[in-house]
Amino acid sequence: MELDIAPIGDRAELYRELDGGWPVFMSKDPTGGLYYQHVDRLWPEFSLLAVDRETGRAVAKAHAVPLSFDGDITAGLPEAGWDWVIRTAVHDHLNGTKPTMVSALEINIRSDLRGSGLSGLMLTAMRDNAARHGFTDLVAPVRPSGKPADIQQPIDEYAHATRPDGLPVDPWLRVHVRAGATIVNVAHYSMTYAGTLAEWRSWTGLPFDRTGPVEVPGALSPIHCDVAQDHAVYVEPNVWVHHRM
């Protein structure tokens with residue numbers, strides 16, 4: 001497959017072919033709108049689209065955003081992870097603050113092509129794009145793809161678990177490490193989703209009728225359900241990785 005990987009530009013219709021691909025509840029993060037509703041206007045050069053030149057169809061997309069960070073990346077990145085990245089990028093834009101690094105936000109592969117190696121190609125394209133814009137650091141609050149299958153394992157254990165060859169057990173972390181990244185730290189509350197029990201039932205098809213932890217397909221950790229208070233809250237951990245270009 002020969003690919004054309006470039007900023008989305010005027011190919012918005014192709015870009016929309018790749019909407020979805022995530023559990024429904026993941027579209028309910030209130031911070032996400034700060035990015036996705038303004039990306040075309042504020043950071044278009046950091047959103048990449050891969051198109052199959054033979055068919056003209058979109059096969060993958062990659063979102064990243066420039067932002068400022070005045071700490072030592074190798075010493076640890078903020079616990080608020082993905083949400084922090086978006087809020088910081090928006091504040092930087094409003095305040096005219098010069099960004100110092102780029103953070104990945106999402107790589108989404110067309111469902112019929114997952115597992116074909118496209119995620120690694122998009123990660124490389126994201127690294128190259130950041131370098132072209134003069135940045136030497138790309139970070140990412142990674143959503144470990146294998147964690148839903150081990151939902152009860154503490155994220156701090158899972159994030160650093162390795163195979164006999166020394167590479168991460170998690171497939172998506174493994175792609176990053178193979179591309180040259182180092183695992184920095186866990187972002188324990190990278191995304192937060194809250195809703196009434198009725199909303200969670202509509203998002204998941206589960207009853208949410210007992211107080212306590214609820215295991216939801218696609219989640220990285222159990223959702224906290226409180227029947228008396230009529231709400232449930234999902235706090236998603238991610239894993240910070242750092243690519244030095």
# chains A, B, ... in the order shown; residues from 1 in each chain; ligands from 1
$ residues_around --residues "Pro141 (chain A)" --least-positions-apart "3" --cutoff "8 Å" --atoms "only C-alpha atoms" --output "list in words"
Gly81, Trp82, Ser103, Ala104, Leu105, Ala187, Ser190, Asn238, Val239, Trp240 and Val241 of chain A
$ residues_around --residues "Ala89 (chain A)" --least-positions-apart "2" --cutoff "8 Å" --atoms "only C-alpha atoms" --output "PDB file with N, CA and C atoms, in the first residue's frame"
ATOM      1  N   VAL A  65      -0.340  18.131  19.271  1.00  0.00           N
ATOM      2  CA  VAL A  65      -0.506  19.549  19.549  1.00  0.00           C
ATOM      3  C   VAL A  65       0.771  20.075  20.205  1.00  0.00           C
ATOM      4  N   PRO A  66       1.201  21.302  19.854  1.00  0.00           N
ATOM      5  CA  PRO A  66       2.364  21.893  20.525  1.00  0.00           C
ATOM      6  C   PRO A  66       1.934  22.535  21.844  1.00  0.00           C
ATOM      7  N   LEU A  67       2.815  22.488  22.823  1.00  0.00           N
ATOM      8  CA  LEU A  67       2.497  23.087  24.120  1.00  0.00           C
ATOM      9  C   LEU A  67       3.783  23.393  24.864  1.00  0.00           C
ATOM     10  N   SER A  68       3.645  24.156  25.954  1.00  0.00           N
ATOM     11  CA  SER A  68       4.813  24.539  26.747  1.00  0.00           C
ATOM     12  C   SER A  68       4.931  23.668  27.994  1.00  0.00           C
ATOM     13  N   VAL A  85      -2.626  18.141  28.616  1.00  0.00           N
ATOM     14  CA  VAL A  85      -2.074  18.541  27.319  1.00  0.00           C
ATOM     15  C   VAL A  85      -3.016  19.510  26.613  1.00  0.00           C
ATOM     16  N   ILE A  86      -4.280  19.158  26.543  1.00  0.00           N
ATOM     17  CA  ILE A  86      -5.239  19.997  25.822  1.00  0.00           C
ATOM     18  C   ILE A  86      -5.425  21.338  26.515  1.00  0.00           C
ATOM     19  N   ARG A  87      -5.609  21.316  27.824  1.00  0.00           N
ATOM     20  CA  ARG A  87      -5.803  22.585  28.545  1.00  0.00           C
ATOM     21  C   ARG A  87      -4.578  23.493  28.398  1.00  0.00           C
ATOM     22  N   HIS A  91      -4.463  27.213  26.706  1.00  0.00           N
ATOM     23  CA  HIS A  91      -3.962  28.367  27.466  1.00  0.00           C
ATOM     24  C   HIS A  91      -2.770  29.015  26.763  1.00  0.00           C
ATOM     25  N   ASP A  92      -1.869  28.195  26.223  1.00  0.00           N
ATOM     26  CA  ASP A  92      -0.713  28.739  25.508  1.00  0.00           C
ATOM     27  C   ASP A  92      -1.160  29.591  24.328  1.00  0.00           C
ATOM     28  N   HIS A  93      -2.157  29.098  23.595  1.00  0.00           N
ATOM     29  CA  HIS A  93      -2.645  29.856  22.441  1.00  0.00           C
ATOM     30  C   HIS A  93      -3.255  31.189  22.883  1.00  0.00           C
TER      31      HIS A  93
END
$ closest_residue --among "A:Met191, A:Ala130, A:Val184, A:Ala60" --to "Gly21 (chain A)" --atoms "only C-alpha atoms"
A:Ala60
$ atom_distance --atom1 "CA of Gly71 (chain A)" --atom2 "CA of Ala131 (chain A)"
20.1 Å
$ residues_around --residues "region 106-112 of chain A" --least-positions-apart "6" --cutoff "8 Å" --atoms "only C-alpha atoms" --output "list in words"
Leu18, Gly21, Ala58, Val59, Ala60, Lys61, Ala62, His63, Ala64, Leu118, Ser119, Met122 and Leu123 of chain A
$ residues_around --residues "Thr74 (chain A)" --least-positions-apart "3" --cutoff "12 Å" --atoms "only C-alpha atoms" --output "ChimeraX atom specification"
/A:69-71,77-78,137,139,181-185,240-244
$ select_by_dssp --residues "region 112-141 of chain A" --states "strand (DSSP E)" --output "PDB file with C-alpha atoms, in the first residue's frame"
ATOM      1  CA  ASP A 137      10.774  16.482  22.039  1.00  0.00           C
ATOM      2  CA  LEU A 138       7.602  14.515  21.344  1.00  0.00           C
ATOM      3  CA  VAL A 139       5.709  13.154  24.336  1.00  0.00           C
ATOM      4  CA  ALA A 140       2.548  11.086  24.509  1.00  0.00           C
ATOM      5  CA  PRO A 141       0.084  10.126  27.243  1.00  0.00           C
TER       6      PRO A 141
END
$ residues_around --residues "region 197-208 of chain A" --least-positions-apart "2" --cutoff "10 Å" --atoms "only C-alpha atoms" --output "list in words"
Pro23, Val24, Phe25, Met26, Ser27, Lys28, Tyr193, Ala194, Gly195, Arg210, Thr211, Gly212, Pro213, Val214, Glu215, Val216, Pro217, Gly218, Ile223, His224, Cys225, Asp226, Val227, Gln229, Asp230, His231, Ala232 and Val233 of chain A
$ atom_distance --atom1 "CA of Gly76 (chain A)" --atom2 "CA of His188 (chain A)"
12.2 Å
$ closest_residue --among "A:Leu121, A:Met101, A:Val90, A:Val169" --to "Val39 (chain A)" --atoms "only C-alpha atoms"
A:Val90
$ atom_distance --atom1 "CA of Tyr15 (chain A)" --atom2 "CA of Pro171 (chain A)"
25.2 Å
$ select_by_dssp --residues "region 39-228 of chain A" --states "alpha helix (DSSP H)" --output "mmCIF file with N, CA and C atoms, in the first residue's frame"
data_model
loop_
_atom_site.group_PDB
_atom_site.id
_atom_site.type_symbol
_atom_site.label_atom_id
_atom_site.label_comp_id
_atom_site.auth_asym_id
_atom_site.auth_seq_id
_atom_site.Cartn_x
_atom_site.Cartn_y
_atom_site.Cartn_z
ATOM 1 N N VAL A 39 -9.329 22.349 16.469
ATOM 2 C CA VAL A 39 -8.086 21.879 15.874
ATOM 3 C C VAL A 39 -7.868 22.439 14.475
ATOM 4 N N ASP A 40 -8.920 22.515 13.652
ATOM 5 C CA ASP A 40 -8.755 22.978 12.274
ATOM 6 C C ASP A 40 -8.258 24.423 12.213
ATOM 7 N N ARG A 41 -8.617 25.202 13.217
ATOM 8 C CA ARG A 41 -8.259 26.624 13.227
ATOM 9 C C ARG A 41 -6.947 26.894 13.949
ATOM 10 N N LEU A 42 -6.673 26.144 15.012
ATOM 11 C CA LEU A 42 -5.534 26.469 15.864
ATOM 12 C C LEU A 42 -4.280 25.658 15.564
ATOM 13 N N GLY A 81 -2.123 14.187 32.507
ATOM 14 C CA GLY A 81 -1.967 13.573 31.195
ATOM 15 C C GLY A 81 -2.662 14.241 30.019
ATOM 16 N N TRP A 82 -3.527 13.483 29.375
ATOM 17 C CA TRP A 82 -4.215 13.902 28.140
ATOM 18 C C TRP A 82 -4.999 15.192 28.350
ATOM 19 N N ASP A 83 -5.747 15.274 29.444
ATOM 20 C CA ASP A 83 -6.511 16.495 29.723
ATOM 21 C C ASP A 83 -5.583 17.682 29.938
ATOM 22 N N TRP A 84 -4.474 17.473 30.615
ATOM 23 C CA TRP A 84 -3.505 18.552 30.845
ATOM 24 C C TRP A 84 -2.929 19.056 29.527
ATOM 25 N N VAL A 85 -2.626 18.141 28.616
ATOM 26 C CA VAL A 85 -2.074 18.541 27.319
ATOM 27 C C VAL A 85 -3.016 19.510 26.613
ATOM 28 N N ILE A 86 -4.280 19.158 26.543
ATOM 29 C CA ILE A 86 -5.239 19.997 25.822
ATOM 30 C C ILE A 86 -5.425 21.338 26.515
ATOM 31 N N ARG A 87 -5.609 21.316 27.824
ATOM 32 C CA ARG A 87 -5.803 22.585 28.545
ATOM 33 C C ARG A 87 -4.578 23.493 28.398
ATOM 34 N N THR A 88 -3.394 22.909 28.487
ATOM 35 C CA THR A 88 -2.175 23.711 28.369
ATOM 36 C C THR A 88 -2.036 24.295 26.979
ATOM 37 N N ALA A 89 -2.313 23.496 25.954
ATOM 38 C CA ALA A 89 -2.208 23.994 24.579
ATOM 39 C C ALA A 89 -3.175 25.147 24.340
ATOM 40 N N VAL A 90 -4.394 25.046 24.881
ATOM 41 C CA VAL A 90 -5.372 26.125 24.717
ATOM 42 C C VAL A 90 -4.910 27.372 25.457
ATOM 43 N N HIS A 91 -4.463 27.213 26.706
ATOM 44 C CA HIS A 91 -3.962 28.367 27.466
ATOM 45 C C HIS A 91 -2.770 29.015 26.763
ATOM 46 N N ASP A 92 -1.869 28.195 26.223
ATOM 47 C CA ASP A 92 -0.713 28.739 25.508
ATOM 48 C C ASP A 92 -1.160 29.591 24.328
ATOM 49 N N HIS A 93 -2.157 29.098 23.595
ATOM 50 C CA HIS A 93 -2.645 29.856 22.441
ATOM 51 C C HIS A 93 -3.255 31.189 22.883
ATOM 52 N N LEU A 94 -4.059 31.160 23.932
ATOM 53 C CA LEU A 94 -4.710 32.386 24.402
ATOM 54 C C LEU A 94 -3.705 33.387 24.965
ATOM 55 N N ASN A 95 -2.649 32.874 25.606
ATOM 56 C CA ASN A 95 -1.665 33.746 26.245
ATOM 57 C C ASN A 95 -0.488 34.102 25.351
ATOM 58 N N LEU A 118 0.343 -0.028 10.601
ATOM 59 C CA LEU A 118 0.116 1.382 10.285
ATOM 60 C C LEU A 118 0.348 2.298 11.484
ATOM 61 N N SER A 119 0.109 1.796 12.693
ATOM 62 C CA SER A 119 0.291 2.656 13.867
ATOM 63 C C SER A 119 1.747 3.104 13.980
ATOM 64 N N GLY A 120 2.675 2.194 13.706
ATOM 65 C CA GLY A 120 4.084 2.553 13.741
ATOM 66 C C GLY A 120 4.448 3.578 12.672
ATOM 67 N N LEU A 121 3.861 3.431 11.474
ATOM 68 C CA LEU A 121 4.117 4.390 10.405
ATOM 69 C C LEU A 121 3.590 5.771 10.769
ATOM 70 N N MET A 122 2.412 5.828 11.392
ATOM 71 C CA MET A 122 1.844 7.118 11.778
ATOM 72 C C MET A 122 2.636 7.747 12.912
ATOM 73 N N LEU A 123 3.148 6.929 13.811
ATOM 74 C CA LEU A 123 3.987 7.457 14.881
ATOM 75 C C LEU A 123 5.268 8.063 14.307
ATOM 76 N N THR A 124 5.880 7.379 13.347
ATOM 77 C CA THR A 124 7.069 7.918 12.692
ATOM 78 C C THR A 124 6.763 9.227 11.985
ATOM 79 N N ALA A 125 5.608 9.284 11.308
ATOM 80 C CA ALA A 125 5.209 10.511 10.615
ATOM 81 C C ALA A 125 4.988 11.643 11.610
ATOM 82 N N MET A 126 4.427 11.322 12.778
ATOM 83 C CA MET A 126 4.201 12.331 13.805
ATOM 84 C C MET A 126 5.534 12.863 14.345
ATOM 85 N N ARG A 127 6.481 11.957 14.575
ATOM 86 C CA ARG A 127 7.818 12.371 15.023
ATOM 87 C C ARG A 127 8.478 13.279 13.978
ATOM 88 N N ASP A 128 8.429 12.861 12.720
ATOM 89 C CA ASP A 128 9.053 13.643 11.651
ATOM 90 C C ASP A 128 8.399 15.008 11.512
ATOM 91 N N ASN A 129 7.079 15.052 11.668
ATOM 92 C CA ASN A 129 6.363 16.316 11.541
ATOM 93 C C ASN A 129 6.758 17.277 12.661
ATOM 94 N N ALA A 130 6.881 16.756 13.885
ATOM 95 C CA ALA A 130 7.312 17.600 15.004
ATOM 96 C C ALA A 130 8.713 18.148 14.747
ATOM 97 N N ALA A 131 9.594 17.306 14.241
ATOM 98 C CA ALA A 131 10.961 17.747 13.954
ATOM 99 C C ALA A 131 10.985 18.816 12.870
ATOM 100 N N ARG A 132 10.142 18.664 11.851
ATOM 101 C CA ARG A 132 10.090 19.655 10.780
ATOM 102 C C ARG A 132 9.675 21.026 11.307
ATOM 103 N N ILE A 155 -2.158 0.032 37.286
ATOM 104 C CA ILE A 155 -1.504 0.617 36.118
ATOM 105 C C ILE A 155 -0.005 0.763 36.322
ATOM 106 N N ASP A 156 0.447 1.015 37.548
ATOM 107 C CA ASP A 156 1.883 1.179 37.776
ATOM 108 C C ASP A 156 2.639 -0.122 37.529
ATOM 109 N N GLU A 157 1.999 -1.249 37.795
ATOM 110 C CA GLU A 157 2.620 -2.534 37.488
ATOM 111 C C GLU A 157 2.578 -2.802 35.990
ATOM 112 N N TYR A 158 1.406 -2.584 35.391
ATOM 113 C CA TYR A 158 1.224 -2.895 33.978
ATOM 114 C C TYR A 158 2.142 -2.044 33.101
ATOM 115 N N ALA A 159 2.275 -0.768 33.432
ATOM 116 C CA ALA A 159 3.047 0.151 32.591
ATOM 117 C C ALA A 159 4.500 -0.272 32.461
ATOM 118 N N HIS A 160 5.034 -0.918 33.493
ATOM 119 C CA HIS A 160 6.453 -1.261 33.487
ATOM 120 C C HIS A 160 6.706 -2.758 33.304
ATOM 121 N N PRO A 171 1.199 -3.893 23.782
ATOM 122 C CA PRO A 171 1.531 -3.733 22.361
ATOM 123 C C PRO A 171 1.778 -2.290 21.933
ATOM 124 N N TRP A 172 0.978 -1.341 22.413
ATOM 125 C CA TRP A 172 1.115 0.054 21.965
ATOM 126 C C TRP A 172 2.327 0.715 22.606
ATOM 127 N N LEU A 173 2.583 0.419 23.872
ATOM 128 C CA LEU A 173 3.824 0.895 24.479
ATOM 129 C C LEU A 173 5.029 0.311 23.763
ATOM 130 N N ARG A 174 4.898 -0.922 23.328
ATOM 131 C CA ARG A 174 5.996 -1.580 22.617
ATOM 132 C C ARG A 174 6.317 -0.863 21.305
ATOM 133 N N VAL A 175 5.286 -0.417 20.594
ATOM 134 C CA VAL A 175 5.509 0.329 19.351
ATOM 135 C C VAL A 175 6.311 1.595 19.641
ATOM 136 N N HIS A 176 5.940 2.298 20.694
ATOM 137 C CA HIS A 176 6.652 3.538 21.043
ATOM 138 C C HIS A 176 8.105 3.263 21.415
ATOM 139 N N VAL A 177 8.335 2.245 22.240
ATOM 140 C CA VAL A 177 9.700 1.943 22.671
ATOM 141 C C VAL A 177 10.557 1.516 21.483
ATOM 142 N N ARG A 178 9.989 0.734 20.603
ATOM 143 C CA ARG A 178 10.736 0.322 19.398
ATOM 144 C C ARG A 178 11.091 1.532 18.529
ATOM 145 N N LEU A 197 -26.228 7.638 36.217
ATOM 146 C CA LEU A 197 -26.296 6.210 35.930
ATOM 147 C C LEU A 197 -27.055 5.941 34.636
ATOM 148 N N ALA A 198 -28.068 6.762 34.367
ATOM 149 C CA ALA A 198 -28.799 6.608 33.103
ATOM 150 C C ALA A 198 -27.883 6.858 31.910
ATOM 151 N N GLU A 199 -27.018 7.858 32.037
ATOM 152 C CA GLU A 199 -26.088 8.141 30.943
ATOM 153 C C GLU A 199 -25.108 6.991 30.751
ATOM 154 N N TRP A 200 -24.579 6.460 31.843
ATOM 155 C CA TRP A 200 -23.644 5.348 31.713
ATOM 156 C C TRP A 200 -24.327 4.110 31.137
ATOM 157 N N ARG A 201 -25.609 3.894 31.480
ATOM 158 C CA ARG A 201 -26.332 2.770 30.879
ATOM 159 C C ARG A 201 -26.451 2.955 29.371
ATOM 160 N N SER A 202 -26.708 4.183 28.939
ATOM 161 C CA SER A 202 -26.856 4.441 27.507
ATOM 162 C C SER A 202 -25.520 4.330 26.787
ATOM 163 N N TRP A 203 -24.427 4.653 27.466
ATOM 164 C CA TRP A 203 -23.108 4.588 26.844
ATOM 165 C C TRP A 203 -22.571 3.167 26.751
ATOM 166 N N THR A 204 -22.972 2.322 27.702
ATOM 167 C CA THR A 204 -22.338 0.998 27.801
ATOM 168 C C THR A 204 -23.279 -0.184 27.635
#
$ closest_residue --among "A:Gly56, A:Pro222, A:Glu79, A:Asp4" --to "Ile151 (chain A)" --atoms "only C-alpha atoms"
A:Pro222
